[in-house]
>>> print(open('start10.cif').read())   # mmCIF, C-alpha atoms
data_model
#
loop_
_atom_site.label_atom_id
_atom_site.label_comp_id
_atom_site.auth_asym_id
_atom_site.auth_seq_id
_atom_site.Cartn_x
_atom_site.Cartn_y
_atom_site.Cartn_z
CA MET A 531 10.44 12.53 -27.12
CA ARG A 532 8.92 13.30 -23.72
CA LEU A 533 5.30 12.00 -23.64
CA GLU A 534 4.06 13.23 -27.02
CA GLY A 535 1.24 11.06 -28.29
CA LYS A 536 1.00 9.12 -25.01
CA ARG A 537 -2.25 8.67 -23.08
CA ILE A 538 -1.38 8.51 -19.38
CA VAL A 539 -4.00 7.40 -16.84
CA VAL A 540 -3.79 9.15 -13.47
CA ALA A 541 -5.21 6.79 -10.82
CA ALA A 542 -4.91 9.29 -7.97
CA ASP A 543 -7.71 11.17 -6.23
CA ARG A 544 -5.85 13.72 -4.14
CA ARG A 545 -3.57 15.92 -6.26
CA SER A 546 -4.74 14.27 -9.48
CA GLU A 547 -4.86 17.63 -11.26
CA GLU A 548 -1.28 18.33 -10.23
CA ILE A 549 -0.13 15.07 -11.80
CA ALA A 550 -2.27 15.75 -14.88
CA THR A 551 -0.53 19.11 -15.27
CA LEU A 552 2.88 17.38 -15.14
CA VAL A 553 1.75 14.98 -17.86
CA ARG A 554 0.57 17.86 -20.07
CA LYS A 555 3.81 19.79 -19.53
CA ASN A 556 5.65 16.76 -20.86
CA GLY A 557 3.42 16.55 -23.92
CA GLY A 558 1.14 13.72 -22.82
CA GLU A 559 -2.63 13.41 -22.57
CA PRO A 560 -3.77 12.77 -18.97
CA LEU A 561 -6.88 10.70 -18.24
CA ILE A 562 -8.07 10.84 -14.63
CA ARG A 563 -9.46 7.54 -13.31
CA SER A 564 -9.56 7.86 -9.53
CA LEU A 565 -9.02 4.49 -7.83
CA GLN A 566 -8.10 5.69 -4.35
CA GLY A 567 -11.41 5.42 -2.53
CA LYS A 568 -12.27 7.34 0.63
CA LEU A 569 -10.56 6.47 3.92
CA TYR A 570 -12.77 5.41 6.82
CA THR A 571 -12.50 3.57 10.15
CA ASP A 572 -14.99 1.11 11.61
CA GLU A 573 -14.59 2.41 15.15
CA THR A 574 -16.66 -0.34 16.76
CA LEU A 575 -14.60 -3.07 15.08
CA LEU A 576 -11.28 -1.46 16.01
CA GLU A 577 -12.38 -0.99 19.63
CA ARG A 578 -13.32 -4.67 19.85
CA GLU A 579 -10.08 -5.83 18.23
CA LEU A 580 -7.93 -3.61 20.45
CA THR A 581 -9.63 -4.81 23.62
CA THR A 582 -9.21 -8.44 22.48
CA MET A 583 -5.52 -7.92 21.71
CA LEU A 584 -4.80 -6.35 25.09
CA ALA A 585 -6.38 -9.35 26.81
CA SER A 586 -4.47 -11.87 24.67
CA ASP A 587 -1.05 -13.49 24.77
CA VAL A 588 0.12 -12.08 21.44
CA ASP A 589 3.86 -12.43 20.79
CA TRP A 590 4.31 -9.85 18.03
CA VAL A 591 2.45 -6.73 16.88
CA ILE A 592 3.23 -5.49 13.36
CA PHE A 593 2.38 -1.85 12.64
CA THR A 594 2.20 -1.12 8.92
CA THR A 595 1.42 2.63 8.73
CA GLY A 596 1.91 5.73 10.84
CA ILE A 597 -1.72 6.78 10.36
CA GLY A 598 -2.87 3.35 11.50
CA ALA A 599 -0.68 3.42 14.61
CA GLN A 600 -2.02 6.85 15.48
CA LYS A 601 -5.60 5.61 15.07
CA VAL A 602 -4.91 2.70 17.46
CA TRP A 603 -3.58 5.16 20.06
CA GLN A 604 -6.59 7.44 19.61
CA VAL A 605 -9.01 4.59 20.19
CA ALA A 606 -7.02 3.37 23.21
CA GLU A 607 -7.14 6.87 24.69
CA ARG A 608 -10.89 7.15 24.15
CA LEU A 609 -11.41 3.78 25.85
CA GLY A 610 -9.15 4.72 28.75
CA GLN A 611 -6.68 1.99 27.71
CA LEU A 612 -3.71 4.12 26.73
CA GLU A 613 -1.53 3.10 29.67
CA GLU A 614 -2.53 -0.53 29.19
CA LEU A 615 -1.60 -0.34 25.49
CA SER A 616 1.81 1.12 26.28
CA SER A 617 2.54 -1.55 28.90
CA PHE A 618 1.37 -4.27 26.53
CA LEU A 619 3.65 -3.13 23.72
CA GLN A 620 6.58 -2.94 26.12
CA ARG A 621 6.08 -6.65 26.93
CA VAL A 622 5.67 -8.02 23.42
CA ARG A 623 7.84 -7.66 20.33
CA VAL A 624 6.97 -4.94 17.83
CA ALA A 625 7.72 -4.61 14.11
CA ALA A 626 7.23 -1.44 12.09
CA ARG A 627 6.95 -0.72 8.38
CA GLY A 628 7.76 2.76 7.19
CA ARG A 629 9.67 5.75 8.50
CA LYS A 630 6.56 7.55 9.75
CA THR A 631 5.39 4.45 11.61
CA THR A 632 8.73 4.04 13.37
CA LYS A 633 8.88 7.75 14.21
CA PHE A 634 5.43 7.69 15.80
CA LEU A 635 6.16 4.56 17.83
CA LEU A 636 9.43 6.00 19.12
CA GLU A 637 7.59 9.17 20.15
CA GLN A 638 5.30 6.96 22.26
CA GLY A 639 8.29 5.28 23.90
CA ILE A 640 7.96 2.08 21.85
CA HIS A 641 11.22 0.87 20.28
CA PRO A 642 10.49 -1.58 17.43
CA ASP A 643 12.41 -4.87 17.53
CA ALA A 644 12.27 -5.11 13.73
CA ARG A 645 12.12 -2.33 11.13
CA ASP A 646 12.04 -2.44 7.36
CA ASP A 647 15.03 -1.23 5.37
CA ASP A 648 13.12 0.27 2.44
CA GLY A 649 9.57 1.14 3.49
CA THR A 650 8.01 -2.01 2.01
CA THR A 651 6.27 -5.08 3.44
CA GLN A 652 9.10 -7.20 2.01
CA GLY A 653 11.48 -5.03 4.01
CA VAL A 654 9.61 -5.89 7.22
CA LEU A 655 9.72 -9.58 6.36
CA ARG A 656 13.47 -9.37 5.84
CA ALA A 657 13.81 -7.68 9.23
CA LEU A 658 11.86 -10.55 10.83
CA GLN A 659 14.08 -13.28 9.34
CA PRO A 660 16.52 -13.44 12.32
CA PHE A 661 13.65 -14.14 14.73
CA ALA A 662 12.11 -17.55 15.42
CA MET A 663 8.49 -16.94 14.45
CA GLU A 664 7.05 -20.41 13.89
CA GLY A 665 3.91 -21.03 15.91
CA LEU A 666 3.83 -17.58 17.49
CA LYS A 667 0.79 -15.33 17.76
CA VAL A 668 0.96 -12.22 15.59
CA CYS A 669 -1.34 -9.19 15.44
CA VAL A 670 -1.15 -7.06 12.28
CA GLN A 671 -2.36 -3.48 12.01
CA LEU A 672 -4.05 -3.31 8.63
CA HIS A 673 -4.69 -0.43 6.25
CA GLY A 674 -7.04 -2.01 3.80
CA GLU A 675 -6.47 -5.62 2.83
CA LEU A 676 -3.61 -7.81 4.03
CA PRO A 677 -0.68 -7.52 1.58
CA LYS A 678 -0.22 -10.75 -0.36
CA SER A 679 3.44 -11.10 0.67
CA LEU A 680 2.53 -10.84 4.36
CA GLU A 681 -0.39 -13.22 3.89
CA ARG A 682 1.91 -15.84 2.32
CA TRP A 683 4.48 -15.33 5.07
CA CYS A 684 1.90 -15.90 7.80
CA ALA A 685 0.73 -19.08 6.10
CA GLN A 686 4.28 -20.39 5.73
CA LYS A 687 5.21 -19.64 9.33
CA ARG A 688 1.94 -21.11 10.63
CA GLU A 689 1.36 -18.16 12.94
CA SER A 690 -1.94 -17.52 14.65
CA VAL A 691 -2.82 -14.16 13.13
CA SER A 692 -5.23 -11.49 14.35
CA PHE A 693 -5.79 -7.97 13.10
CA LEU A 694 -6.30 -4.36 14.05
CA HIS A 695 -8.38 -2.85 11.26
CA ALA A 696 -7.14 0.70 11.86
CA TYR A 697 -8.67 1.99 8.64
CA ASP A 698 -9.87 0.94 5.23
CA TYR A 699 -10.94 2.52 1.97
CA MET A 700 -14.31 2.75 0.32
CA PRO A 701 -14.03 1.12 -3.12
CA PRO A 702 -13.98 3.35 -6.22
CA GLU A 703 -16.98 3.58 -8.50
CA PRO A 704 -17.42 0.30 -10.43
CA VAL A 705 -17.82 2.23 -13.69
CA VAL A 706 -14.33 3.72 -13.23
CA LEU A 707 -12.83 0.31 -12.47
CA GLU A 708 -14.55 -1.27 -15.47
CA GLN A 709 -13.39 1.55 -17.74
CA LEU A 710 -9.75 1.25 -16.69
CA VAL A 711 -9.70 -2.56 -16.91
CA THR A 712 -11.03 -2.26 -20.46
CA GLU A 713 -8.49 0.44 -21.38
CA VAL A 714 -5.56 -1.63 -20.11
CA CYS A 715 -6.78 -4.90 -21.61
CA THR A 716 -7.35 -3.29 -25.03
CA GLY A 717 -4.17 -1.22 -24.92
CA SER A 718 -6.05 2.03 -25.58
CA VAL A 719 -3.83 3.83 -23.03
CA ASP A 720 -0.03 3.88 -22.84
CA ALA A 721 0.59 4.01 -19.08
CA VAL A 722 -1.16 4.08 -15.72
CA ALA A 723 0.32 6.20 -12.94
CA PHE A 724 -0.48 4.80 -9.49
CA THR A 725 0.15 6.92 -6.38
CA SER A 726 -0.70 4.43 -3.61
CA ALA A 727 -0.66 0.67 -3.06
CA GLN A 728 -4.42 0.71 -2.56
CA GLN A 729 -5.10 1.73 -6.16
CA PRO A 730 -3.73 -1.40 -7.88
CA ARG A 731 -5.30 -3.54 -5.15
CA PHE A 732 -8.74 -2.14 -5.95
CA LEU A 733 -8.13 -2.54 -9.67
CA PHE A 734 -7.02 -6.18 -9.44
CA ARG A 735 -9.71 -7.06 -6.90
CA TYR A 736 -12.35 -5.84 -9.35
CA ALA A 737 -10.66 -7.67 -12.23
CA SER A 738 -10.60 -10.87 -10.18
CA GLN A 739 -14.29 -10.52 -9.33
CA THR A 740 -15.16 -10.10 -13.00
CA GLY A 741 -12.81 -12.82 -14.24
CA ALA A 742 -10.52 -10.39 -16.03
CA ASP A 743 -7.45 -10.60 -13.78
CA GLY A 744 -5.44 -12.70 -16.26
CA ASP A 745 -6.29 -10.30 -19.09
CA LEU A 746 -5.34 -7.35 -16.89
CA VAL A 747 -1.90 -8.80 -16.13
CA ALA A 748 -1.43 -9.47 -19.85
CA GLY A 749 -2.55 -5.92 -20.61
CA PHE A 750 0.21 -4.53 -18.43
CA GLU A 751 2.75 -6.29 -20.66
CA LYS A 752 1.99 -3.52 -23.18
CA VAL A 753 0.63 -0.75 -20.97
CA VAL A 754 3.28 0.65 -18.64
CA ALA A 755 2.53 0.55 -14.91
CA ALA A 756 4.15 3.44 -13.03
CA GLY A 757 4.32 3.58 -9.23
CA VAL A 758 5.07 6.68 -7.20
CA GLY A 759 7.44 4.70 -4.94
CA LYS A 760 8.61 1.34 -3.67
CA VAL A 761 5.42 0.48 -1.73
CA THR A 762 3.17 1.12 -4.72
CA ALA A 763 5.57 -0.76 -7.00
CA GLU A 764 5.53 -3.68 -4.55
CA ALA A 765 1.72 -3.84 -4.68
CA LEU A 766 1.82 -3.97 -8.48
CA ARG A 767 4.35 -6.79 -8.51
CA GLU A 768 2.32 -8.72 -5.95
CA HIS A 769 -0.47 -8.85 -8.52
CA GLY A 770 1.75 -10.20 -11.28
CA VAL A 771 2.83 -6.99 -13.00
CA THR A 772 6.46 -7.62 -13.92
CA ARG A 773 7.36 -4.30 -15.57
CA VAL A 774 6.98 -1.41 -13.13
CA VAL A 775 8.48 2.04 -13.61
CA ALA A 776 9.15 3.77 -10.29
CA PRO A 777 11.53 6.48 -9.05
CA GLU A 778 14.02 6.00 -6.22
CA GLN A 779 12.50 8.90 -4.31
CA GLU A 780 8.75 8.84 -3.75
CA ARG A 781 7.72 11.96 -5.64
CA MET A 782 4.97 12.43 -8.22
CA GLY A 783 7.17 14.59 -10.40
CA ALA A 784 9.92 11.98 -10.27
CA MET A 785 7.43 9.30 -11.34
CA ILE A 786 6.48 11.28 -14.46
CA ILE A 787 10.15 11.90 -15.27
CA GLU A 788 10.78 8.14 -14.96
CA LEU A 789 7.97 7.57 -17.46
CA VAL A 790 9.57 10.09 -19.82
CA HIS A 791 12.91 8.28 -19.52
CA TYR A 792 11.23 4.93 -20.09
CA PHE A 793 9.51 6.00 -23.29
CA ASP A 794 12.67 7.79 -24.47
CA GLY A 795 14.55 4.54 -23.96
CA LEU A 796 12.00 2.64 -26.04
CA GLU A 797 12.27 5.23 -28.80
CA THR A 798 16.06 4.98 -28.80
CA ALA A 799 15.97 1.18 -28.86
CA GLU A 800 13.66 1.21 -31.89
CA MET A 801 15.86 3.59 -33.90
#
>>> encode(input="start10.cif", output="structure tokens")
Amino acid sequence: MRLEGKRIVVAADRRSEEIATLVRKNGGEPLIRSLQGKLYTDETLLERELTTMLASDVDWVIFTTGIGAQKVWQVAERLGQLEELSSFLQRVRVAARGRKTTKFLLEQGIHPDARDDDGTTQGVLRALQPFAMEGLKVCVQLHGELPKSLERWCAQKRESVSFLHAYDYMPPEPVVLEQLVTEVCTGSVDAVAFTSAQQPRFLFRYASQTGADGDLVAGFEKVVAAGVGKVTAEALREHGVTRVVAPEQERMGAMIIELVHYFDGLETAEM
């Protein structure tokens, strides 16, 4: 069957044409609806937060991305606080999410006390389970908004939480968000291919602001949500999407193949 007759939304910005070509090669019709947004850093905010953290009695620092960790180091170097940052992180406990994050920290001589086992926020939370965290002070390096699972965990553990806003994303154009919400809610598309966790977060934030979040979740009961990997799939599930198609290896081509297999399975089941 491949993807014949299927309208597949591509939510990516970077490499969207590459994914669209993969959809066409498998017989589908790609529709590009970029939800990624442009990456930016509020340097003044990050400088202030870093200086505050270094003067605090934080117990744990959780780094969530390699790019974010690198940005923190760059700011510390510009402020002449690189040695102070290194000494600080040697004194406190450090958690890391993601292979690239751990690799960067190790290159700086920082050995994380807790590491995820699968690249996800849930993986970090599992790694933190053996530690007594109640009442401790935690600083989280953010990349966009705080993941819902980490937000719930902080509330349950009653930690005092501060943040390092290493970078964020400019929101997509409202007209694109409105168009995709309508397409999913009306079932006029067959699947949406997400290539980062930020894309579903932008989509559901907009839906929540417009009162359409419940309809959007219901829409994804018919429209297939595809994630490029475990982190993107985790973000979809955090927003109530229960059926997520995602490959074991985080590859765009593998995501499209998983969609092909999914629709083939539906076709077989209906025969």
>>> residues_around(input="start10.cif", residues="Arg554 of chain A", least_positions_apart="6", cutoff="10 Å", atoms="only C-alpha atoms", output="ChimeraX atom specification")
/A:533-534,538,560
>>> atom_distance(input="start10.cif", atom1="atom CA of Ala727 of chain A", atom2="atom CA of Gly783 of chain A")
17.6 Å
>>> closest_atom_pairs(input="start10.cif", of="segment 543-597 of chain A", to="segment 733-749 of chain A", cutoff="12 Å", atoms="all atoms listed in the file", output="CSV")
residue,atom,partner,partner_atom,distance
A:Arg563,CA,A:Leu733,CA,10.8
A:Ser564,CA,A:Leu733,CA,10.5
A:Leu565,CA,A:Leu733,CA,7.3
A:Gln566,CA,A:Leu733,CA,9.8
A:Gly567,CA,A:Leu733,CA,11.2
>>> resolve_selection(input="start10.cif", expression="the PyMOL selection byres ((chain A and resi 790) around 12)", output="PyMOL selection string")
chain A and resi 531-536+538+552-558+720-721+754+756+775-777+783-789+791-797
>>> write_last_selection(input="start10.cif", atoms="C-alpha atoms", output="tab-separated table (two decimals), keeping the file's coordinate frame")
chain	number	residue	atom	x	y	z
A	531	MET	CA	10.44	12.53	-27.12
A	532	ARG	CA	8.92	13.30	-23.72
A	533	LEU	CA	5.30	12.00	-23.64
A	534	GLU	CA	4.06	13.23	-27.02
A	535	GLY	CA	1.24	11.06	-28.29
A	536	LYS	CA	1.00	9.12	-25.01
A	538	ILE	CA	-1.38	8.51	-19.38
A	552	LEU	CA	2.88	17.38	-15.14
A	553	VAL	CA	1.75	14.98	-17.86
A	554	ARG	CA	0.57	17.86	-20.07
A	555	LYS	CA	3.81	19.79	-19.53
A	556	ASN	CA	5.65	16.76	-20.86
A	557	GLY	CA	3.42	16.55	-23.92
A	558	GLY	CA	1.14	13.72	-22.82
A	720	ASP	CA	-0.03	3.88	-22.84
A	721	ALA	CA	0.59	4.01	-19.08
A	754	VAL	CA	3.28	0.65	-18.64
A	756	ALA	CA	4.15	3.44	-13.03
A	775	VAL	CA	8.48	2.04	-13.61
A	776	ALA	CA	9.15	3.77	-10.29
A	777	PRO	CA	11.53	6.48	-9.05
A	783	GLY	CA	7.17	14.59	-10.40
A	784	ALA	CA	9.92	11.98	-10.27
A	785	MET	CA	7.43	9.30	-11.34
A	786	ILE	CA	6.48	11.28	-14.46
A	787	ILE	CA	10.15	11.90	-15.27
A	788	GLU	CA	10.78	8.14	-14.96
A	789	LEU	CA	7.97	7.57	-17.46
A	791	HIS	CA	12.91	8.28	-19.52
A	792	TYR	CA	11.23	4.93	-20.09
A	793	PHE	CA	9.51	6.00	-23.29
A	794	ASP	CA	12.67	7.79	-24.47
A	795	GLY	CA	14.55	4.54	-23.96
A	796	LEU	CA	12.00	2.64	-26.04
A	797	GLU	CA	12.27	5.23	-28.80
>>> closest_residue(input="start10.cif", among="A:Phe693, A:Phe661, A:Trp603, A:Phe618", to="Glu579 of chain A", atoms="all atoms listed in the file")
A:Phe693
>>> residues_around(input="start10.cif", residues="segment 608-613 of chain A", least_positions_apart="3", cutoff="10 Å", atoms="all atoms listed in the file", output="tab-separated table (two decimals) with C-alpha atoms, keeping the file's coordinate frame")
chain	number	residue	atom	x	y	z
A	577	GLU	CA	-12.38	-0.99	19.63
A	580	LEU	CA	-7.93	-3.61	20.45
A	581	THR	CA	-9.63	-4.81	23.62
A	584	LEU	CA	-4.80	-6.35	25.09
A	602	VAL	CA	-4.91	2.70	17.46
A	603	TRP	CA	-3.58	5.16	20.06
A	604	GLN	CA	-6.59	7.44	19.61
A	605	VAL	CA	-9.01	4.59	20.19
A	616	SER	CA	1.81	1.12	26.28
A	617	SER	CA	2.54	-1.55	28.90
A	618	PHE	CA	1.37	-4.27	26.53
>>> resolve_selection(input="start10.cif", expression="the PyMOL selection byres ((chain A and resi 639) around 12)", output="number ranges by chain")
A: 613, 615-617, 619-620, 624, 632-638, 640-642
>>> residues_around(input="start10.cif", residues="segment 674-689 of chain A", least_positions_apart="3", cutoff="10 Å", atoms="only C-alpha atoms", output="ChimeraX atom specification")
/A:569-570,651-652,654-655,662-671,692-693,695-700,727-728,731-732,764-765,768-769
>>> resolve_selection(input="start10.cif", expression="the PyMOL selection byres ((chain A and resi 595-598) around 6)", output="list in words")
Thr594, Ala599, Gln600, Lys601, Lys630, Thr631 and Ala696 of chain A
>>> closest_residue(input="start10.cif", among="A:Ser718, A:Ser690, A:Gln729, A:Thr772", to="Val706 of chain A", atoms="all atoms listed in the file")
A:Gln729
>>> atom_distance(input="start10.cif", atom1="atom CA of Gly653 of chain A", atom2="atom CA of Glu778 of chain A")
15.3 Å
>>> closest_residue(input="start10.cif", among="A:Val758, A:Ile562, A:Val719, A:Val705", to="Val540 of chain A", atoms="all atoms listed in the file")
A:Ile562
>>> closest_residue(input="start10.cif", among="A:Asp587, A:Gln779, A:Pro730, A:Glu708", to="Arg767 of chain A", atoms="all atoms listed in the file")
A:Pro730
>>> decode(input="start10.cif", residues="segment 669-774 of chain A", atoms="C-alpha atoms", output="short mmCIF file (atom, residue, chain, number, x, y, z; two decimals), in the first residue's frame")
data_model
loop_
_atom_site.label_atom_id
_atom_site.label_comp_id
_atom_site.auth_asym_id
_atom_site.auth_seq_id
_atom_site.Cartn_x
_atom_site.Cartn_y
_atom_site.Cartn_z
CA CYS A 669 18.20 24.28 38.74
CA VAL A 670 16.99 23.12 35.32
CA GLN A 671 18.54 24.14 32.01
CA LEU A 672 15.59 24.74 29.73
CA HIS A 673 15.22 24.59 25.95
CA GLY A 674 11.85 26.14 25.49
CA GLU A 675 9.14 25.37 28.02
CA LEU A 676 9.50 23.03 30.99
CA PRO A 677 8.43 19.50 29.96
CA LYS A 678 5.17 18.54 31.64
CA SER A 679 6.62 15.36 33.16
CA LEU A 680 9.47 17.32 34.78
CA GLU A 681 7.04 20.01 35.94
CA ARG A 682 4.86 17.39 37.66
CA TRP A 683 7.90 15.74 39.21
CA CYS A 684 9.12 19.03 40.69
CA ALA A 685 5.69 19.70 42.16
CA GLN A 686 5.48 16.22 43.68
CA LYS A 687 8.95 16.39 45.19
CA ARG A 688 8.37 19.92 46.50
CA GLU A 689 11.73 21.11 45.23
CA SER A 690 12.66 24.76 45.03
CA VAL A 691 13.19 25.10 41.28
CA SER A 692 15.12 27.71 39.32
CA PHE A 693 16.02 27.81 35.65
CA LEU A 694 18.72 28.52 33.12
CA HIS A 695 16.91 29.65 29.98
CA ALA A 696 19.70 28.58 27.63
CA TYR A 697 17.56 29.07 24.54
CA ASP A 698 13.99 29.21 23.33
CA TYR A 699 12.09 29.24 20.06
CA MET A 700 10.14 31.96 18.36
CA PRO A 701 6.57 30.69 17.88
CA PRO A 702 5.42 29.69 14.38
CA GLU A 703 3.07 31.87 12.40
CA PRO A 704 -0.44 31.77 13.95
CA VAL A 705 -1.98 31.15 10.53
CA VAL A 706 0.05 27.93 10.20
CA LEU A 707 -0.96 26.78 13.68
CA GLU A 708 -4.63 27.56 13.03
CA GLN A 709 -4.52 25.73 9.70
CA LEU A 710 -3.01 22.57 11.19
CA VAL A 711 -5.35 22.53 14.19
CA THR A 712 -8.28 22.73 11.78
CA GLU A 713 -6.86 19.99 9.54
CA VAL A 714 -6.37 17.60 12.46
CA CYS A 715 -9.70 18.37 14.10
CA THR A 716 -11.59 17.88 10.82
CA GLY A 717 -9.58 14.84 9.77
CA SER A 718 -8.67 16.38 6.40
CA VAL A 719 -5.13 14.99 6.72
CA ASP A 720 -4.06 11.42 7.48
CA ALA A 721 -0.89 11.94 9.53
CA VAL A 722 1.39 14.62 10.98
CA ALA A 723 5.14 13.99 11.02
CA PHE A 724 6.85 15.80 13.90
CA THR A 725 10.66 16.09 13.97
CA SER A 726 11.20 17.77 17.36
CA ALA A 727 9.49 17.96 20.74
CA GLN A 728 9.02 21.70 20.29
CA GLN A 729 6.62 21.26 17.36
CA PRO A 730 3.80 19.49 19.25
CA ARG A 731 4.34 21.84 22.20
CA PHE A 732 3.72 24.86 19.98
CA LEU A 733 0.71 23.18 18.40
CA PHE A 734 -0.94 22.25 21.71
CA ARG A 735 -0.08 25.59 23.32
CA TYR A 736 -1.92 27.36 20.50
CA ALA A 737 -4.83 24.92 20.75
CA SER A 738 -5.05 25.53 24.50
CA GLN A 739 -5.04 29.30 23.99
CA THR A 740 -7.88 29.03 21.50
CA GLY A 741 -9.87 26.46 23.49
CA ALA A 742 -9.34 23.71 20.94
CA ASP A 743 -6.98 21.44 22.90
CA GLY A 744 -9.66 18.83 23.64
CA ASP A 745 -10.70 18.76 19.99
CA LEU A 746 -7.06 18.45 18.94
CA VAL A 747 -6.49 15.42 21.17
CA ALA A 748 -9.68 13.88 19.79
CA GLY A 749 -8.51 14.65 16.26
CA PHE A 750 -5.35 12.64 16.81
CA GLU A 751 -7.52 9.59 17.51
CA LYS A 752 -8.09 9.51 13.74
CA VAL A 753 -5.09 11.43 12.41
CA VAL A 754 -1.83 9.56 13.02
CA ALA A 755 0.86 11.39 14.99
CA ALA A 756 4.38 10.36 13.94
CA GLY A 757 7.48 11.32 15.93
CA VAL A 758 11.03 11.15 14.62
CA GLY A 759 12.22 9.60 17.91
CA LYS A 760 11.57 8.92 21.57
CA VAL A 761 11.86 12.55 22.74
CA THR A 762 9.34 13.80 20.17
CA ALA A 763 7.03 10.87 20.92
CA GLU A 764 7.28 11.68 24.64
CA ALA A 765 6.19 15.29 23.99
CA LEU A 766 3.15 14.06 22.05
CA ARG A 767 2.11 11.68 24.82
CA GLU A 768 2.54 14.42 27.42
CA HIS A 769 -0.21 16.32 25.61
CA GLY A 770 -2.63 13.40 25.62
CA VAL A 771 -1.89 11.80 22.26
CA THR A 772 -2.12 8.07 22.94
CA ARG A 773 -1.31 6.67 19.49
CA VAL A 774 2.18 7.70 18.38
#
